[in-house]
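Following: one structure in structure tokens, then a few remarks.
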Amino acid sequence: MIINSLLDTDLYKFTMMQVVLHHFPAAQVEYRYRCRTPGVNLRPYLDEIRQEIRGLCQLRFNEQELAYLRGLRFIKSDFIDFLELFHLPEKCIHVSEGKQPGEIDITVKGAWLHTILFEIPVLAIVNEVYFRNTCPDPGWEEGRERLQTKMKLVLDAADLREFRVAEYGTRRRFSHVWHEEVVTTMKAQMGEHFAGTSNVWFAMKHGVLPLGTMAHEYLQACQGLGPRLRDSQVFALETWAREYRGDLGIALSDVYGLDAFLRDFDMYFCKLFDGARHDSGDPFLWGERMIAHYTANRVDARVKTLVFSDALTFPLAIELTRRFAGRCKTSFGIGTNLTNDLGYEPLQIVMKMVRCNGQPVAKVSDAPEKTMCDDKAYLAYLRQVFELPPA
């Protein structure tokens, strides 16, 4: 099977899941899959995908995996007790042919607490099934050469001593095998430049740091869980702070666009959170505005971390490092460009939350193509509430 452990996912799924257990255990959600790459035909592999998902739903956490999670400083004992009983419910996921030629439809509906772990492994399954059928004889050497070229850009530069990069590529990886080779190669050759991985299984197996805090779905869900829509972003950040008491302090900034984020990210949050993560829009402009915002709130930006994770490449990450050197801390999460760069076009696939407790939820990105909502009236209302420009 492609997925052989429930740890083969991103850390932020567990950090969010713990918040769900403690604060929103009754929340009901819906996720939908979308392929943004035109002309991709996944229909021939539908049964193969279903079989892999069936296997995923048979998995349980073993004692070694639970012991590893228990050793993470921010994981609480009652969450481990819950995970001892946990499995992904097959009845909550439906895979079928889509409406457009070649398209497939994947929908997840059920309790957020029990369905939150579907997204990452399901996307990894779709990717690997597609590539093992369309690229049966992969260009491994091409991939290795590309990886060496990227690492060499950092290792050969004298002014990049503080450069830190993490691997964030589980959901869009070419394969599990290639993903593992990327992680082990970076660990062996990059030294302190390699900050860690978002993948919990590889972090445990290879003794590297697991990284992650929150994803878009967390702030989206709070649109249906908070006291009122306008306060949903503040509600999400305050709930996170109550759960982690200052730990895991990187806030995601682009669920409503940067303008709306900065309006809510006041002096209290500037001081409470360790930094913020960029995931859409111009990264240079974002960094400049974040530093100016910290300064305006009498916070020294040099002690804050700006995490960049939007479609990054090594040259772009290096350019960002040099732009913000000495002005703030920077860190980089590179996904597809690491785990699916063997010379083939990667699939641009996502699986996003579209409803929480029966009401629509949305992400309104600084990159318009990343906006996802299936209710136009709700999206227009959300834009109005958060003073966002019309689409």
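We name chains A, B, ... following the order of the structure tokens; residues begin at 1 in each chain, and ligands are numbered from 1 as shown.
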
Distance query region 258-270 of chain A at most 9 Å, only C-alpha atoms, self and fewer than 5 positions along chain excluded, as a PyMOL selection string: chain A and resi 231+233-234+237-238+252-253+275+281+286+289-290+293-294+296-299+304+365-366+386-388

Per-residue nearest contacts of region 203-228 of chain A to region 103-121 of chain A (12 Å; only C-alpha atoms) as a tab-separated table:
```
residue	atom	partner	partner_atom	distance
A:Ala215	CA	A:Ile116	CA	11.2
A:Glu217	CA	A:Ile116	CA	9.3
A:Tyr218	CA	A:Ile116	CA	10.1
A:Ala221	CA	A:Trp112	CA	9.3
A:Cys222	CA	A:Trp112	CA	12.0
A:Leu225	CA	A:Trp112	CA	11.9
```

Determine which residues of region 21-256 of chain A DSSP labels as strand (DSSP E or B) from the backbone of this structure, then write them out as a PyMOL selection string. chain A and resi 28-35+93-97+104-111+165-167+194-197+199+210+250-252

Phe308 (chain A) environment, 9 Å, only C-alpha atoms, sequence neighbours closer than 3 positions dropped, as a PyMOL selection string: chain A and resi 276-279+283+312+317+320+330-334

So that I can check the surroundings of Ala27 (chain A), please list as a tab-separated table (two decimals) with all heavy atoms, in the first residue's frame every protein, DNA and RNA residue that reaches within 7 Å of it, counting only C-alpha atoms and ignoring chain neighbours fewer than 2 positions away.
```tsv
chain	number	residue	atom	x	y	z
A	24	PHE	N	-13.77	21.60	19.79
A	24	PHE	CA	-14.86	21.46	18.81
A	24	PHE	C	-15.16	19.99	18.51
A	24	PHE	O	-15.27	19.60	17.35
A	24	PHE	CB	-14.48	22.18	17.51
A	24	PHE	CG	-13.91	23.55	17.69
A	24	PHE	CD1	-12.60	23.83	17.34
A	24	PHE	CD2	-14.69	24.59	18.21
A	24	PHE	CE1	-12.07	25.10	17.50
A	24	PHE	CE2	-14.17	25.86	18.38
A	24	PHE	CZ	-12.85	26.12	18.03
A	25	PRO	N	-15.30	19.15	19.52
A	25	PRO	CA	-15.44	17.70	19.25
A	25	PRO	C	-16.70	17.32	18.48
A	25	PRO	O	-16.75	16.25	17.88
A	25	PRO	CB	-15.44	17.09	20.65
A	25	PRO	CG	-15.91	18.18	21.56
A	25	PRO	CD	-15.36	19.44	20.97
A	29	VAL	N	-18.14	18.53	9.29
A	29	VAL	CA	-17.50	19.23	8.18
A	29	VAL	C	-17.67	18.48	6.86
A	29	VAL	O	-18.07	17.32	6.84
A	29	VAL	CB	-15.98	19.44	8.44
A	29	VAL	CG1	-15.75	20.28	9.70
A	29	VAL	CG2	-15.26	18.11	8.54
A	111	ALA	N	-17.78	13.94	11.13
A	111	ALA	CA	-17.24	14.68	12.27
A	111	ALA	C	-15.82	15.13	11.96
A	111	ALA	O	-15.00	14.33	11.49
A	111	ALA	CB	-17.27	13.80	13.51
A	112	TRP	N	-15.55	16.41	12.20
A	112	TRP	CA	-14.21	16.94	11.93
A	112	TRP	C	-13.14	16.13	12.64
A	112	TRP	O	-12.09	15.81	12.08
A	112	TRP	CB	-14.16	18.41	12.38
A	112	TRP	CG	-12.99	19.20	11.90
A	112	TRP	CD1	-12.12	18.87	10.90
A	112	TRP	CD2	-12.57	20.48	12.39
A	112	TRP	NE1	-11.18	19.87	10.73
A	112	TRP	CE2	-11.43	20.86	11.63
A	112	TRP	CE3	-13.03	21.34	13.37
A	112	TRP	CZ2	-10.76	22.06	11.85
A	112	TRP	CZ3	-12.36	22.54	13.58
A	112	TRP	CH2	-11.24	22.89	12.83
A	356	CYS	N	-18.80	23.74	7.32
A	356	CYS	CA	-18.63	23.39	8.73
A	356	CYS	C	-19.97	23.61	9.42
A	356	CYS	O	-20.56	24.70	9.32
A	356	CYS	CB	-17.54	24.25	9.37
A	356	CYS	SG	-17.28	23.87	11.12
A	357	ASN	N	-20.44	22.58	10.09
A	357	ASN	CA	-21.75	22.61	10.76
A	357	ASN	C	-22.86	23.07	9.82
A	357	ASN	O	-23.75	23.84	10.19
A	357	ASN	CB	-21.70	23.50	12.01
A	357	ASN	CG	-21.01	22.79	13.17
A	357	ASN	OD1	-20.74	21.60	13.12
A	357	ASN	ND2	-20.73	23.53	14.23
```

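Going from CA of Met186 (chain A) to CA of Met151 (chain A) covers 7.8 Å.
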